[in-house]
Amino acid sequence: MATETARKPYVRHRSAMWWTKNPRYFLFQIRELSAVFVALYAFLVLYQLWVLRQGAESYRAFLDLWFSGPMVLLGLAILGFTVLHAVTWFLLTPKVLAARLARSPASSALVFVVMLAVWIAVSYVVVAFLYAPPAPVPPGGH
C-alpha cells in the first residue's frame with residue numbers, strides 16, 4: 001500500500017504595508033483615506049451648527065477652538081485631502097464617461113479641464129453668494 005505524503009500548504013507572506021510599494025495602490029489607498037477626512041469635515045460643520053443653537057457664548061467658545069493651531073492644521077489637512085479626492089475623481093471620470101466631440105472621443109485632459117473649470121465656477125458662485133452684502137432695505141419697508 002502506498003503511503004500518503006502530506007503537503008504543506010503554500011502560504012504567501014505579505015507585509016501589512018505591501019500596498020506602499022506600488023504607486024497606483026498607494027494613491028488608491030490615500031484616496032480612500034481622504035474620504036475619512038471629508039466625512040470628518042462634514043461632522044465638524046454639523047457640530048458647528050449644533051453649537052450655534054446653544055447660544056452666542058457657546059459659539060464663541062467653538063470659534064476659539066476652531067481657530068486654534070491644531071484645528072487650523074486639521075483644516076489644512078482636510079482641504080488637502082478634499083482636493084486630492086476631487087482631482088482623482090476628475091481624473092477617473094474620462095475613463096468611464098463616453099463623451100464625444102464631433103464623432104471622436106473627447107480627450108481625458110479636455111474632460112478633466114472642463115470639470116475642473118465647472119468646479120471652480122460653482123465654488124466661486126457659492127462664495128460670492130455667501131459673502132454678498134445684504135440687500136439694502138428701502139425706507140419705510142420691512
# chains A, B, ... in the order shown; residues from 1 in each chain; ligands from 1
>>> residues_around(residues="Phe81 in chain A", least_positions_apart="2", cutoff="9 Å", atoms="only C-alpha atoms", output="list in words")
Ile30, Arg31, Leu33, Ser34, Ala35, Phe37, Val38, Leu76, Ala77, Ile78, Leu79, Val83, Leu84, His85 and Ala86 of chain A
>>> select_by_dssp(residues="range 2-140 of chain A", states="alpha helix (DSSP H)", output="CSV table (one decimal) with N, CA and C atoms, in the first residue's frame")
chain,number,residue,atom,x,y,z
A,23,PRO,N,3.0,52.6,-6.7
A,23,PRO,CA,2.4,54.0,-6.6
A,23,PRO,C,0.9,54.0,-6.9
A,24,ARG,N,0.4,53.1,-7.8
A,24,ARG,CA,-1.0,53.1,-8.0
A,24,ARG,C,-1.8,52.6,-6.8
A,25,TYR,N,-1.3,51.6,-6.2
A,25,TYR,CA,-2.0,51.1,-5.0
A,25,TYR,C,-2.0,52.1,-3.9
A,26,PHE,N,-0.8,52.8,-3.8
A,26,PHE,CA,-0.6,53.8,-2.7
A,26,PHE,C,-1.6,55.0,-2.9
A,27,LEU,N,-1.7,55.5,-4.2
A,27,LEU,CA,-2.6,56.6,-4.4
A,27,LEU,C,-4.1,56.1,-4.2
A,28,PHE,N,-4.4,54.9,-4.5
A,28,PHE,CA,-5.8,54.4,-4.3
A,28,PHE,C,-6.1,54.4,-2.8
A,29,GLN,N,-5.1,53.9,-2.0
A,29,GLN,CA,-5.3,53.8,-0.5
A,29,GLN,C,-5.4,55.2,0.1
A,30,ILE,N,-4.6,56.1,-0.4
A,30,ILE,CA,-4.6,57.5,0.1
A,30,ILE,C,-6.0,58.2,-0.3
A,31,ARG,N,-6.4,57.9,-1.5
A,31,ARG,CA,-7.7,58.5,-1.9
A,31,ARG,C,-8.8,57.9,-1.1
A,32,GLU,N,-8.8,56.7,-0.8
A,32,GLU,CA,-9.8,56.1,0.1
A,32,GLU,C,-9.7,56.7,1.5
A,33,LEU,N,-8.5,56.9,2.0
A,33,LEU,CA,-8.4,57.6,3.3
A,33,LEU,C,-8.9,59.0,3.3
A,34,SER,N,-8.8,59.7,2.1
A,34,SER,CA,-9.3,61.0,2.0
A,34,SER,C,-10.8,61.1,2.3
A,35,ALA,N,-11.5,60.1,2.0
A,35,ALA,CA,-13.0,60.1,2.3
A,35,ALA,C,-13.2,60.3,3.8
A,36,VAL,N,-12.3,59.7,4.6
A,36,VAL,CA,-12.5,59.8,6.1
A,36,VAL,C,-12.4,61.3,6.5
A,37,PHE,N,-11.4,62.0,5.9
A,37,PHE,CA,-11.3,63.4,6.2
A,37,PHE,C,-12.4,64.3,5.7
A,38,VAL,N,-13.0,63.9,4.6
A,38,VAL,CA,-14.2,64.6,4.1
A,38,VAL,C,-15.3,64.4,5.0
A,39,ALA,N,-15.5,63.2,5.5
A,39,ALA,CA,-16.6,62.9,6.4
A,39,ALA,C,-16.4,63.6,7.8
A,40,LEU,N,-15.1,63.7,8.2
A,40,LEU,CA,-14.8,64.4,9.4
A,40,LEU,C,-15.2,65.9,9.3
A,41,TYR,N,-14.9,66.5,8.2
A,41,TYR,CA,-15.3,67.9,8.0
A,41,TYR,C,-16.8,68.1,8.0
A,42,ALA,N,-17.5,67.1,7.4
A,42,ALA,CA,-19.0,67.2,7.5
A,42,ALA,C,-19.5,67.1,8.9
A,43,PHE,N,-18.9,66.3,9.7
A,43,PHE,CA,-19.3,66.2,11.1
A,43,PHE,C,-18.9,67.5,11.9
A,44,LEU,N,-17.8,68.1,11.6
A,44,LEU,CA,-17.4,69.3,12.2
A,44,LEU,C,-18.4,70.4,11.9
A,45,VAL,N,-18.8,70.5,10.7
A,45,VAL,CA,-19.8,71.5,10.3
A,45,VAL,C,-21.1,71.3,11.0
A,46,LEU,N,-21.6,70.0,11.1
A,46,LEU,CA,-22.8,69.7,11.8
A,46,LEU,C,-22.7,70.0,13.3
A,47,TYR,N,-21.5,69.8,13.9
A,47,TYR,CA,-21.3,70.2,15.3
A,47,TYR,C,-21.3,71.7,15.4
A,48,GLN,N,-20.7,72.4,14.4
A,48,GLN,CA,-20.8,73.8,14.5
A,48,GLN,C,-22.2,74.3,14.5
A,49,LEU,N,-23.1,73.8,13.7
A,49,LEU,CA,-24.5,74.2,13.7
A,49,LEU,C,-25.2,73.8,15.0
A,50,TRP,N,-24.8,72.7,15.6
A,50,TRP,CA,-25.4,72.3,16.9
A,50,TRP,C,-24.9,73.3,18.0
A,51,VAL,N,-23.7,73.7,17.9
A,51,VAL,CA,-23.2,74.7,18.9
A,51,VAL,C,-23.8,76.0,18.7
A,52,LEU,N,-24.1,76.4,17.5
A,52,LEU,CA,-24.7,77.7,17.2
A,52,LEU,C,-26.1,77.7,17.8
A,53,ARG,N,-26.8,76.6,17.9
A,53,ARG,CA,-28.1,76.6,18.5
A,53,ARG,C,-28.0,76.8,20.0
A,54,GLN,N,-26.8,76.6,20.6
A,54,GLN,CA,-26.7,76.7,22.1
A,54,GLN,C,-26.5,78.1,22.5
A,56,ALA,N,-24.8,82.4,21.8
A,56,ALA,CA,-23.6,83.1,21.4
A,56,ALA,C,-22.3,82.7,22.2
A,57,GLU,N,-22.5,82.5,23.5
A,57,GLU,CA,-21.3,82.2,24.3
A,57,GLU,C,-20.7,80.8,23.9
A,58,SER,N,-21.6,79.9,23.7
A,58,SER,CA,-21.1,78.5,23.2
A,58,SER,C,-20.4,78.6,21.8
A,59,TYR,N,-21.0,79.5,21.0
A,59,TYR,CA,-20.4,79.6,19.6
A,59,TYR,C,-19.1,80.3,19.7
A,60,ARG,N,-18.9,81.3,20.6
A,60,ARG,CA,-17.7,82.0,20.7
A,60,ARG,C,-16.6,81.0,21.2
A,61,ALA,N,-17.0,80.1,22.1
A,61,ALA,CA,-16.0,79.1,22.6
A,61,ALA,C,-15.7,78.1,21.5
A,62,PHE,N,-16.6,77.8,20.6
A,62,PHE,CA,-16.4,76.9,19.5
A,62,PHE,C,-15.4,77.6,18.5
A,63,LEU,N,-15.6,78.9,18.3
A,63,LEU,CA,-14.8,79.6,17.3
A,63,LEU,C,-13.3,79.7,17.9
A,64,ASP,N,-13.2,79.8,19.2
A,64,ASP,CA,-11.9,79.8,19.8
A,64,ASP,C,-11.2,78.5,19.5
A,65,LEU,N,-11.9,77.4,19.6
A,65,LEU,CA,-11.4,76.1,19.3
A,65,LEU,C,-11.1,76.0,17.8
A,66,TRP,N,-12.1,76.4,17.0
A,66,TRP,CA,-12.0,76.3,15.5
A,66,TRP,C,-10.7,77.0,14.9
A,69,GLY,N,-4.5,76.5,16.8
A,69,GLY,CA,-3.4,76.0,15.9
A,69,GLY,C,-3.7,74.5,15.4
A,70,PRO,N,-4.0,73.6,16.3
A,70,PRO,CA,-4.3,72.2,15.9
A,70,PRO,C,-5.4,72.1,14.9
A,71,MET,N,-6.5,72.9,15.2
A,71,MET,CA,-7.7,72.8,14.3
A,71,MET,C,-7.3,73.5,12.9
A,72,VAL,N,-6.5,74.5,12.9
A,72,VAL,CA,-6.1,75.1,11.6
A,72,VAL,C,-5.3,74.0,10.8
A,73,LEU,N,-4.4,73.3,11.5
A,73,LEU,CA,-3.7,72.3,10.8
A,73,LEU,C,-4.6,71.1,10.3
A,74,LEU,N,-5.6,70.8,11.1
A,74,LEU,CA,-6.5,69.8,10.7
A,74,LEU,C,-7.3,70.3,9.5
A,75,GLY,N,-7.7,71.5,9.5
A,75,GLY,CA,-8.4,72.1,8.4
A,75,GLY,C,-7.6,72.1,7.1
A,76,LEU,N,-6.3,72.4,7.2
A,76,LEU,CA,-5.4,72.3,6.1
A,76,LEU,C,-5.3,70.9,5.6
A,77,ALA,N,-5.2,69.9,6.5
A,77,ALA,CA,-5.2,68.5,6.0
A,77,ALA,C,-6.5,68.1,5.4
A,78,ILE,N,-7.6,68.6,5.9
A,78,ILE,CA,-8.9,68.3,5.3
A,78,ILE,C,-9.0,68.9,3.9
A,79,LEU,N,-8.5,70.1,3.8
A,79,LEU,CA,-8.5,70.8,2.5
A,79,LEU,C,-7.7,70.0,1.5
A,80,GLY,N,-6.5,69.6,1.9
A,80,GLY,CA,-5.6,68.9,1.0
A,80,GLY,C,-6.2,67.5,0.6
A,81,PHE,N,-6.8,66.8,1.5
A,81,PHE,CA,-7.4,65.5,1.2
A,81,PHE,C,-8.6,65.7,0.3
A,82,THR,N,-9.4,66.8,0.6
A,82,THR,CA,-10.6,67.0,-0.3
A,82,THR,C,-10.2,67.4,-1.7
A,83,VAL,N,-9.2,68.2,-1.9
A,83,VAL,CA,-8.7,68.5,-3.2
A,83,VAL,C,-8.2,67.2,-3.9
A,84,LEU,N,-7.4,66.4,-3.2
A,84,LEU,CA,-6.9,65.1,-3.7
A,84,LEU,C,-8.1,64.3,-4.1
A,85,HIS,N,-9.1,64.2,-3.3
A,85,HIS,CA,-10.3,63.3,-3.6
A,85,HIS,C,-11.0,63.8,-4.8
A,86,ALA,N,-11.2,65.1,-4.9
A,86,ALA,CA,-11.9,65.7,-6.1
A,86,ALA,C,-11.1,65.5,-7.4
A,87,VAL,N,-9.8,65.8,-7.3
A,87,VAL,CA,-9.0,65.7,-8.5
A,87,VAL,C,-8.9,64.3,-9.0
A,88,THR,N,-8.7,63.3,-8.1
A,88,THR,CA,-8.6,62.0,-8.5
A,88,THR,C,-10.0,61.5,-9.1
A,89,TRP,N,-11.1,62.0,-8.6
A,89,TRP,CA,-12.4,61.7,-9.3
A,89,TRP,C,-12.4,62.3,-10.7
A,90,PHE,N,-12.0,63.5,-10.8
A,90,PHE,CA,-12.0,64.2,-12.1
A,90,PHE,C,-11.1,63.4,-13.1
A,91,LEU,N,-10.0,62.9,-12.6
A,91,LEU,CA,-9.1,62.1,-13.5
A,91,LEU,C,-9.7,60.8,-13.9
A,92,LEU,N,-10.5,60.3,-13.0
A,92,LEU,CA,-11.1,59.0,-13.2
A,92,LEU,C,-12.3,59.1,-14.2
A,93,THR,N,-13.0,60.2,-14.2
A,93,THR,CA,-14.2,60.4,-14.9
A,93,THR,C,-14.1,60.1,-16.4
A,94,PRO,N,-13.0,60.6,-17.1
A,94,PRO,CA,-12.9,60.4,-18.5
A,94,PRO,C,-12.8,58.9,-18.9
A,95,LYS,N,-12.4,58.1,-17.9
A,95,LYS,CA,-12.2,56.7,-18.2
A,95,LYS,C,-13.6,56.0,-18.2
A,96,VAL,N,-14.6,56.5,-17.6
A,96,VAL,CA,-15.9,55.9,-17.5
A,96,VAL,C,-16.9,56.7,-18.3
A,108,SER,N,-9.0,62.9,-22.5
A,108,SER,CA,-9.1,62.8,-21.0
A,108,SER,C,-8.7,64.2,-20.4
A,109,ALA,N,-7.7,64.8,-21.0
A,109,ALA,CA,-7.3,66.1,-20.5
A,109,ALA,C,-8.4,67.2,-20.6
A,110,LEU,N,-9.1,67.1,-21.8
A,110,LEU,CA,-10.2,68.1,-22.0
A,110,LEU,C,-11.3,67.9,-21.0
A,111,VAL,N,-11.7,66.6,-20.8
A,111,VAL,CA,-12.8,66.4,-19.8
A,111,VAL,C,-12.3,66.8,-18.4
A,112,PHE,N,-11.1,66.6,-18.0
A,112,PHE,CA,-10.6,67.0,-16.7
A,112,PHE,C,-10.6,68.5,-16.6
A,113,VAL,N,-10.1,69.2,-17.6
A,113,VAL,CA,-10.1,70.7,-17.5
A,113,VAL,C,-11.5,71.3,-17.5
A,114,VAL,N,-12.4,70.7,-18.2
A,114,VAL,CA,-13.8,71.2,-18.2
A,114,VAL,C,-14.4,71.0,-16.8
A,115,MET,N,-14.2,69.8,-16.3
A,115,MET,CA,-14.8,69.5,-15.0
A,115,MET,C,-14.1,70.4,-13.9
A,116,LEU,N,-12.8,70.6,-14.0
A,116,LEU,CA,-12.2,71.5,-13.0
A,116,LEU,C,-12.7,72.9,-13.2
A,117,ALA,N,-12.9,73.4,-14.4
A,117,ALA,CA,-13.4,74.7,-14.6
A,117,ALA,C,-14.8,74.9,-14.0
A,118,VAL,N,-15.7,73.9,-14.2
A,118,VAL,CA,-17.0,73.9,-13.6
A,118,VAL,C,-17.0,73.9,-12.1
A,119,TRP,N,-16.1,73.1,-11.6
A,119,TRP,CA,-15.9,73.1,-10.1
A,119,TRP,C,-15.5,74.5,-9.6
A,120,ILE,N,-14.5,75.1,-10.2
A,120,ILE,CA,-14.1,76.4,-9.8
A,120,ILE,C,-15.2,77.4,-9.9
A,121,ALA,N,-15.9,77.4,-11.1
A,121,ALA,CA,-17.0,78.3,-11.3
A,121,ALA,C,-18.1,78.2,-10.2
A,122,VAL,N,-18.5,76.9,-10.0
A,122,VAL,CA,-19.6,76.7,-8.9
A,122,VAL,C,-19.1,77.2,-7.6
A,123,SER,N,-17.8,76.9,-7.3
A,123,SER,CA,-17.3,77.3,-6.0
A,123,SER,C,-17.3,78.9,-5.9
A,124,TYR,N,-16.9,79.5,-7.0
A,124,TYR,CA,-16.9,81.0,-7.0
A,124,TYR,C,-18.4,81.5,-6.7
A,125,VAL,N,-19.4,80.9,-7.4
A,125,VAL,CA,-20.7,81.4,-7.2
A,125,VAL,C,-21.2,81.2,-5.8
A,126,VAL,N,-20.8,80.0,-5.2
A,126,VAL,CA,-21.2,79.8,-3.8
A,126,VAL,C,-20.6,80.8,-2.9
A,127,VAL,N,-19.3,81.0,-3.1
A,127,VAL,CA,-18.6,82.0,-2.2
A,127,VAL,C,-19.1,83.4,-2.4
A,128,ALA,N,-19.4,83.8,-3.7
A,128,ALA,CA,-20.0,85.1,-3.9
A,128,ALA,C,-21.3,85.3,-3.3
A,129,PHE,N,-22.1,84.2,-3.3
A,129,PHE,CA,-23.4,84.2,-2.7
A,129,PHE,C,-23.3,84.4,-1.2
A,130,LEU,N,-22.4,83.6,-0.6
A,130,LEU,CA,-22.3,83.7,0.9
A,130,LEU,C,-21.7,85.0,1.4
>>> select_by_dssp(residues="range 28-131 of chain A", states="strand (DSSP E or B)", output="MDAnalysis selection string")
chainID A and resid 100:101 104:105
